[in-house]
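Chemist: The following block contains the structure, expressed as structure tokens.
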Amino acid sequence: MPPVPGPDPLGMPIPVGYLFVLKVFGFFLHAVFMNLWLAGLPVAVILARSHPRVSDRLIAAMPFAMAFGINAGIVPLLFLQTLYPQFFYPATILQAWFWFLIIPLLLIAYTAVYAAAFGRWRILSSLVAVILLTWIGFQFSAAMALTARPDRWPALFQNAAPAGGVHGWTLALDPEALLRLGLMAGMAFGTVGAFLALLAELSRDDSRLQEQARPLVPILFTIGLGIFGLAGSLYAPTVADRLPQILQLLAGASMPIAWAAAWLYRAQPRPATAIVLTILQGGVLLSNAIARQVVQAAELGQWVDLGKIPVRGEWGSVFLFLVTLLIGIATLAWIFKTVWARVREVRPG
Amino acid sequence: MEFPVWVVPFLTAPMLIPLVAIPHVIVAQFAVGGGFLLADGVTWAYRHGRADALDYLRDLARFFVLLTIVFGAITGVGIWWTIGLTAPESTSALIHVFVFGWATEWVVFVIEIVSAFAFYYLWGRLRPREHIAMGWIYAASAWLSLVLITGITAFMLTTGRWTPEANFFVAFFNPSFLPQTLIRTGGSLAIAALWIGVHLSLRAPEALRDELVPRISRWAVVGMLLILIGGIGFFSVLPDHARLNIIRAPLLLIMTALNFGATLIALAAFGLGYLRGGRWINPPEALLMLLIGAVAITSGEFLREGARKPYRIERYIFSPGVRMAEAATLQRDGLIAHSPWLQLHLRENLGLTEEALRDPARLPEPQKVQVGEALYTYHCSSCHALDGYNGLRPLIQPWTPEMIADAIRHLHRTNPAMPPWLGNESEREALIAYLITLQKGGP
Ligand code: HEM
């Protein structure tokens, strides 16, 4: 029996169903932006010579992707800790130094991304960021894989326990983590493809971007589908028993559908097809976020029955959150409206 | 006790928290105070048609956005990383009480980021009214994020009327919430003035410096007033155990003195800046003042953290991660019985039996010492490194075995910053056996 701690005696703030929805929504948001740097930065580096305009636009977008992606990561982090602290903390403590190192590495990567965006050693800075961010992505996959597998904890602990404590230099180098990262990277190429399609069609006055980006979109989707398909075909059988068939179908088929839409966009590059492609790619991320959640819940369901944990009923704070969210959305709407008006105004022609 | 313990040699794992948190606070408070100062500066510059001031403020905004969005955001997330790794029970407790407070803060962060980007990247494109509004939206949201996080951090020091059955608002509006909000609001205005002082001294023309320094000093003096009022409130609501800690612990006393000293120097500088303008300020002086501000923040944070002992969350969780309500059970059944990871280590790594774990004092000496060592890891290592921070070895070196036994027996009396012994009698014997060997150089 692995040493799984008990659930927090304070109980769940609100019923777990809501917490799952918020966690999945947050992870979806995080994935959208994180995909942009996970695949967008390597693409920008590789295409720097052959497609300089695409590369420039991607590099310029990275600081924003990082700001919003890191910010969005807070949401699933909050609800992961609410739902599964007894799994998440041991899994990260066992790899403590590696988990902790994410912070300084991310600081360097983020600075490098800004340096590139401001034109300082563009390629070198981007390359540094690519290496660090890929490593960090792998760390996340390793942590999430280990979170769901308490049966693997004892072996890791016994090799890393001076006087019963953890030295924190163990890395859960797990093929499963690589496959999880592979799935994410595959989707990420699609997200970058959809982003470029949208960017090209929104920047109607930038014909160089359109020329360079349009043919790239289906190629990115093809690469993405290849990685996704390879990782998925190795990973899916290991979780097939925990994932309802309908979800397997949705998560698995969504990427080929988006890939087909990428070719449709190539044939008819217009705002409408770019938007359809973006929506379908959103579907890829959402269906996969849901599938990951369902598998995680099924895996951890062996060790804890969330339904039995008492509910605190922190509805007052939920109300505070919702009211702030409404005011926040109104404020953001005003900001975006203003920004949009001024950006269009300044555009030449 | 139910989680594995991460052992960080020399420093202790929880000391990684201030390592991340203090730089974060120094930048995050700039993010809050700087918001007000920038919004005020831009409002003034537009009203008086000062293109030169706007040019300078744009340069300042670039530095501000870069520093706060990159360094502030990552170190902020970094605090989470560190508390989860080093104090999982307490982090989980905070999450379960405050998760929607944090979710609310997240909404505020989004507004902060979007308005900061719009404020800086659309400089010169936004209409003056819009630009000013963007600045104030940023300032308001940044300040709200400070208020929200203060409710949560203040709760750890003063839980007030909260019990595990009570709700979010009882926890949030705890006794030190208001004083700490005042102190932190004031602190942000002051530290922002010091950061901007450095920037001004390096990048602003002399004449503009002369105009802007009194302007920012005025905000900073108001900030110092808030710190004064908040400080009085803070010391008046501090629980007795926290006051006792401050008086007893030399490090905390030094921190208090540093805090008062640095605050006074900063106040004098702001007064001077307000009365005499900024022509005289040069980069080394401005940097020195920022350093003094950083000392004030660092000592203040140490004071708040150190005063909390023996609790991580006042009257709810003790420093080693044991809930107060569970103490009696642990003292009866033993700490090992309630620590699955400790059990795993003792059973699998040391090959001890179930029977032996129930009564480790009866084990032969070498094994007893090994059990004691593991108990040190779980009960003591969150506050004591072996050698290094609060090092146990040098601490007990001059003691006799009787003194060691007595100290462990009455741990809380030995030093009120320590919790009571949270295991049973037999386990205590094992720990004592280990500590005695430690005196002789270790097992
Ligand atoms: C510090 C800011 C970040 C936070 C707070 C954050 C948070 C999270 C959280 C909580 C999850 C798990 C979601 C869930 O299972 O519900 C996650 C997943 C992930 N994150 Fe982030 N993240 C951050 C930065 C990054 C960075 C810089 C990368 C680099 C590429 C990254 C890559 C990933 C990947 C690949 C996953 C999927 C892991 C898997 O399930 O296999 N994240 N992130």
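Order determines the names: the first chain of the structure tokens is A, the second B, and so forth; residues in each chain are numbered 1 upward, and ligands are numbered 1 upward as they are shown.
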Pull out every residue of chain A sitting within 7 Å of chain B, counting only C-alpha atoms, and send them as a PyMOL selection string.
Modeler: chain A and resi 3+5+8+10+12-13+78+81-82+85+89-90+92-93+96+100+103+107+110+158+163-168+314+317-318+321+324-325+328+332+339+342
Chemist: At a cut-off of 7 Å around ligand 1, and using only C-alpha atoms and all ligand atoms, what residues come up? Please write them as a count of residues only.
Modeler: 35
Chemist: Which residues, written as a PyMOL selection string, have at least one atom at most 10 Å from Asp151 of chain A, with only C-alpha atoms counted and residues fewer than 6 positions away on the same chain left out?
Modeler: chain A and resi 1-4
Chemist: Residues of the last selection are to be written out with all heavy atoms, as a PDB file, in the first residue's frame.
Modeler:
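The result, written out as out.pdb:
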ATOM      1  N   MET A   1       0.856  -1.206   0.000  1.00  0.00           N
ATOM      2  CA  MET A   1       0.000   0.000   0.000  1.00  0.00           C
ATOM      3  C   MET A   1       0.893   1.258   0.000  1.00  0.00           C
ATOM      4  O   MET A   1       1.667   1.458   0.929  1.00  0.00           O
ATOM      5  CB  MET A   1      -0.877  -0.042   1.257  1.00  0.00           C
ATOM      6  CG  MET A   1      -1.833   1.114   1.419  1.00  0.00           C
ATOM      7  SD  MET A   1      -3.208   1.070   0.258  1.00  0.00           S
ATOM      8  CE  MET A   1      -4.033   2.592   0.680  1.00  0.00           C
ATOM      9  N   PRO A   2       0.815   2.079  -1.041  1.00  0.00           N
ATOM     10  CA  PRO A   2       1.655   3.288  -1.050  1.00  0.00           C
ATOM     11  C   PRO A   2       1.245   4.279   0.036  1.00  0.00           C
ATOM     12  O   PRO A   2       0.078   4.294   0.436  1.00  0.00           O
ATOM     13  CB  PRO A   2       1.427   3.883  -2.437  1.00  0.00           C
ATOM     14  CG  PRO A   2       0.307   3.157  -3.039  1.00  0.00           C
ATOM     15  CD  PRO A   2      -0.032   1.965  -2.216  1.00  0.00           C
ATOM     16  N   PRO A   3       2.196   5.069   0.494  1.00  0.00           N
ATOM     17  CA  PRO A   3       1.905   5.977   1.618  1.00  0.00           C
ATOM     18  C   PRO A   3       1.124   7.215   1.191  1.00  0.00           C
ATOM     19  O   PRO A   3       1.628   8.328   1.236  1.00  0.00           O
ATOM     20  CB  PRO A   3       3.300   6.343   2.126  1.00  0.00           C
ATOM     21  CG  PRO A   3       4.202   6.166   0.960  1.00  0.00           C
ATOM     22  CD  PRO A   3       3.601   5.145   0.064  1.00  0.00           C
ATOM     23  N   VAL A   4      -0.113   7.029   0.788  1.00  0.00           N
ATOM     24  CA  VAL A   4      -0.927   8.169   0.353  1.00  0.00           C
ATOM     25  C   VAL A   4      -1.506   8.854   1.591  1.00  0.00           C
ATOM     26  O   VAL A   4      -2.194   8.220   2.382  1.00  0.00           O
ATOM     27  CB  VAL A   4      -2.086   7.709  -0.546  1.00  0.00           C
ATOM     28  CG1 VAL A   4      -2.950   8.896  -0.953  1.00  0.00           C
ATOM     29  CG2 VAL A   4      -1.558   6.990  -1.767  1.00  0.00           C
TER      30      VAL A   4
END
Chemist: Pick out the residues sitting within 12 Å of segment 205-209 of chain B, and hand them over as an MDAnalysis selection string; count only C-alpha atoms, and ignore anything fewer than 5 positions along from it in its own chain.
Modeler: chainID B and resid 41 45 50:57 196:200 214:217 273:274 276:282
Chemist: Give me the residues near segment 236-238 of chain B as a list in words, where near means some atom within 8 Å (using only C-alpha atoms) and where sequence neighbours in that chain fewer than 2 positions away do not count.
Modeler: Thr158, Pro175, Ser176, Ile232, Gly233, Phe234, Asp240, Ala242 and Arg243 of chain B
Chemist: With all heavy atoms kept, could you save the residues just selected as a PDB file, in the first residue's frame?
Modeler:
ATOM      1  N   THR B 158      -2.424  35.432  12.592  1.00  0.00           N
ATOM      2  CA  THR B 158      -3.514  35.662  13.551  1.00  0.00           C
ATOM      3  C   THR B 158      -4.806  35.070  12.988  1.00  0.00           C
ATOM      4  O   THR B 158      -5.470  35.678  12.161  1.00  0.00           O
ATOM      5  CB  THR B 158      -3.738  37.175  13.769  1.00  0.00           C
ATOM      6  OG1 THR B 158      -3.940  37.794  12.493  1.00  0.00           O
ATOM      7  CG2 THR B 158      -2.581  37.846  14.465  1.00  0.00           C
ATOM      8  N   PRO B 175      -7.597  39.361  12.735  1.00  0.00           N
ATOM      9  CA  PRO B 175      -7.179  40.576  13.448  1.00  0.00           C
ATOM     10  C   PRO B 175      -6.048  41.367  12.796  1.00  0.00           C
ATOM     11  O   PRO B 175      -6.041  42.595  12.881  1.00  0.00           O
ATOM     12  CB  PRO B 175      -6.735  40.039  14.813  1.00  0.00           C
ATOM     13  CG  PRO B 175      -7.467  38.762  14.977  1.00  0.00           C
ATOM     14  CD  PRO B 175      -7.664  38.188  13.615  1.00  0.00           C
ATOM     15  N   SER B 176      -5.072  40.699  12.149  1.00  0.00           N
ATOM     16  CA  SER B 176      -3.967  41.512  11.614  1.00  0.00           C
ATOM     17  C   SER B 176      -4.167  41.886  10.148  1.00  0.00           C
ATOM     18  O   SER B 176      -3.275  42.447   9.520  1.00  0.00           O
ATOM     19  CB  SER B 176      -2.610  40.819  11.828  1.00  0.00           C
ATOM     20  OG  SER B 176      -2.522  39.648  11.066  1.00  0.00           O
ATOM     21  N   ILE B 232       1.368  50.306  14.524  1.00  0.00           N
ATOM     22  CA  ILE B 232       0.809  50.350  15.886  1.00  0.00           C
ATOM     23  C   ILE B 232      -0.294  49.305  16.005  1.00  0.00           C
ATOM     24  O   ILE B 232      -0.344  48.522  16.954  1.00  0.00           O
ATOM     25  CB  ILE B 232       0.266  51.766  16.202  1.00  0.00           C
ATOM     26  CG1 ILE B 232       1.430  52.761  16.229  1.00  0.00           C
ATOM     27  CG2 ILE B 232      -0.500  51.767  17.526  1.00  0.00           C
ATOM     28  CD1 ILE B 232       1.003  54.218  16.302  1.00  0.00           C
ATOM     29  N   GLY B 233      -1.163  49.268  14.986  1.00  0.00           N
ATOM     30  CA  GLY B 233      -2.254  48.272  14.979  1.00  0.00           C
ATOM     31  C   GLY B 233      -1.687  46.863  15.019  1.00  0.00           C
ATOM     32  O   GLY B 233      -2.157  46.003  15.761  1.00  0.00           O
ATOM     33  N   PHE B 234      -0.642  46.642  14.244  1.00  0.00           N
ATOM     34  CA  PHE B 234      -0.056  45.299  14.130  1.00  0.00           C
ATOM     35  C   PHE B 234       0.459  44.821  15.485  1.00  0.00           C
ATOM     36  O   PHE B 234       0.135  43.716  15.924  1.00  0.00           O
ATOM     37  CB  PHE B 234       1.074  45.338  13.105  1.00  0.00           C
ATOM     38  CG  PHE B 234       1.763  44.035  12.895  1.00  0.00           C
ATOM     39  CD1 PHE B 234       1.126  42.999  12.217  1.00  0.00           C
ATOM     40  CD2 PHE B 234       3.059  43.813  13.355  1.00  0.00           C
ATOM     41  CE1 PHE B 234       1.764  41.779  12.009  1.00  0.00           C
ATOM     42  CE2 PHE B 234       3.705  42.600  13.157  1.00  0.00           C
ATOM     43  CZ  PHE B 234       3.051  41.589  12.479  1.00  0.00           C
ATOM     44  N   ASP B 240       0.135  36.809  22.044  1.00  0.00           N
ATOM     45  CA  ASP B 240       1.186  36.824  23.075  1.00  0.00           C
ATOM     46  C   ASP B 240       2.402  36.011  22.681  1.00  0.00           C
ATOM     47  O   ASP B 240       3.538  36.425  22.888  1.00  0.00           O
ATOM     48  CB  ASP B 240       0.619  36.286  24.397  1.00  0.00           C
ATOM     49  CG  ASP B 240      -0.294  37.318  25.041  1.00  0.00           C
ATOM     50  OD1 ASP B 240      -0.182  38.501  24.652  1.00  0.00           O
ATOM     51  OD2 ASP B 240      -1.119  36.943  25.894  1.00  0.00           O
ATOM     52  N   ALA B 242       3.603  35.423  19.860  1.00  0.00           N
ATOM     53  CA  ALA B 242       4.403  36.105  18.837  1.00  0.00           C
ATOM     54  C   ALA B 242       5.231  37.220  19.470  1.00  0.00           C
ATOM     55  O   ALA B 242       6.407  37.403  19.150  1.00  0.00           O
ATOM     56  CB  ALA B 242       3.493  36.670  17.750  1.00  0.00           C
ATOM     57  N   ARG B 243       4.613  37.952  20.410  1.00  0.00           N
ATOM     58  CA  ARG B 243       5.361  39.017  21.101  1.00  0.00           C
ATOM     59  C   ARG B 243       6.538  38.434  21.852  1.00  0.00           C
ATOM     60  O   ARG B 243       7.646  38.949  21.816  1.00  0.00           O
ATOM     61  CB  ARG B 243       4.446  39.706  22.111  1.00  0.00           C
ATOM     62  CG  ARG B 243       3.595  40.697  21.442  1.00  0.00           C
ATOM     63  CD  ARG B 243       3.249  41.840  22.384  1.00  0.00           C
ATOM     64  NE  ARG B 243       2.107  42.445  21.764  1.00  0.00           N
ATOM     65  CZ  ARG B 243       0.890  42.446  22.272  1.00  0.00           C
ATOM     66  NH1 ARG B 243       0.685  41.963  23.457  1.00  0.00           N
ATOM     67  NH2 ARG B 243      -0.098  42.973  21.608  1.00  0.00           N
TER      68      ARG B 243
END
Chemist: When you look at Asp206 of chain A with a cut-off of 12 Å (counting only C-alpha atoms), what residues show up, excluding the ones that are within fewer than 3 positions of it in the same chain? I need them as number ranges by chain.
Modeler: A: 53-54, 57, 199-203, 209-213, 347-349
Chemist: Within segment 42-194 of chain A, find each residue whose DSSP state, derived from the backbone, is helix (DSSP H, G or I), and express the selection as a PyMOL selection string.
Modeler: chain A and resi 42-46+52-83+85-94+96-117+122-147+150-158+162-164+175-194
Chemist: Between B:Thr400, B:Thr329, B:Gln29, B:Thr256, which one has atoms that come closest to Gly223 of chain B, using only C-alpha atoms?
Modeler: B:Gln29
Chemist: Find, counting only C-alpha atoms, the residue in B:Leu225, B:Ala21, B:Leu435, B:Met156 that gets nearest to Tyr316 of chain B.
Modeler: B:Met156
Chemist: At a cut-off of 9 Å, using only C-alpha atoms, what residues contact Leu252 of chain B? Leave out same-chain residues fewer than 5 positions from it and give the result as a ChimeraX atom specification.
Modeler: /B:245-247,257,299,302-303,306-307
Chemist: Go ahead and write the residues just picked, N, CA, C and O atoms, as a short mmCIF file (atom, residue, chain, number, x, y, z; two decimals), in the first residue's frame.
Modeler:
data_model
loop_
_atom_site.label_atom_id
_atom_site.label_comp_id
_atom_site.auth_asym_id
_atom_site.auth_seq_id
_atom_site.Cartn_x
_atom_site.Cartn_y
_atom_site.Cartn_z
N ASN B 245 8.11 35.73 21.22
CA ASN B 245 9.15 35.33 20.27
C ASN B 245 10.05 36.50 19.91
O ASN B 245 11.26 36.38 19.84
N ILE B 246 9.40 37.64 19.67
CA ILE B 246 10.18 38.80 19.23
C ILE B 246 11.14 39.25 20.33
O ILE B 246 12.29 39.60 20.07
N ILE B 247 10.66 39.18 21.56
CA ILE B 247 11.51 39.61 22.67
C ILE B 247 12.62 38.60 22.94
O ILE B 247 13.76 38.96 23.20
N ALA B 257 14.97 45.92 15.14
CA ALA B 257 15.78 47.14 15.16
C ALA B 257 16.08 47.60 13.74
O ALA B 257 15.94 48.78 13.40
N SER B 299 13.51 42.64 6.77
CA SER B 299 13.40 42.46 8.21
C SER B 299 11.94 42.33 8.62
O SER B 299 11.59 41.53 9.49
N PHE B 302 10.82 38.79 7.83
CA PHE B 302 11.42 37.85 8.79
C PHE B 302 10.67 37.91 10.12
O PHE B 302 10.40 36.90 10.75
N LEU B 303 10.35 39.12 10.49
CA LEU B 303 9.66 39.33 11.77
C LEU B 303 8.31 38.62 11.77
O LEU B 303 7.95 37.90 12.70
N GLY B 306 8.99 34.81 11.58
CA GLY B 306 9.61 34.27 12.79
C GLY B 306 8.66 34.32 13.97
O GLY B 306 8.63 33.40 14.80
N ALA B 307 7.87 35.37 14.04
CA ALA B 307 6.98 35.54 15.19
C ALA B 307 5.92 34.46 15.25
O ALA B 307 5.34 34.19 16.30
#
Chemist: Rank nothing, just name the residue among A:Phe189, A:Phe25, A:Trp99, A:Phe319 nearest to Gly40 of chain A, using only C-alpha atoms.
Modeler: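 Selected residue with least distance to Gly40 of chain A: A:Phe189.
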Chemist: So, with only C-alpha atoms as the atoms that count, which of A:Leu83, A:Ile131, A:Ala240, A:Ala330 lies closest to Arg292 of chain A?
Modeler: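 Looking only at the distances to Arg292 of chain A, the closest residue turns out to be A:Ala240.
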Chemist: From the list B:Leu392, B:Ala356, B:Pro14, B:Leu438, which residue is nearest Gly321 of chain B when using only C-alpha atoms?
Modeler: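 Smallest separation from Gly321 of chain B among the options: B:Pro14.
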Chemist: One number please: atom CA of His379 of chain B to atom CA of Met418 of chain B, in Å, one decimal.
Modeler: 10.4 Å
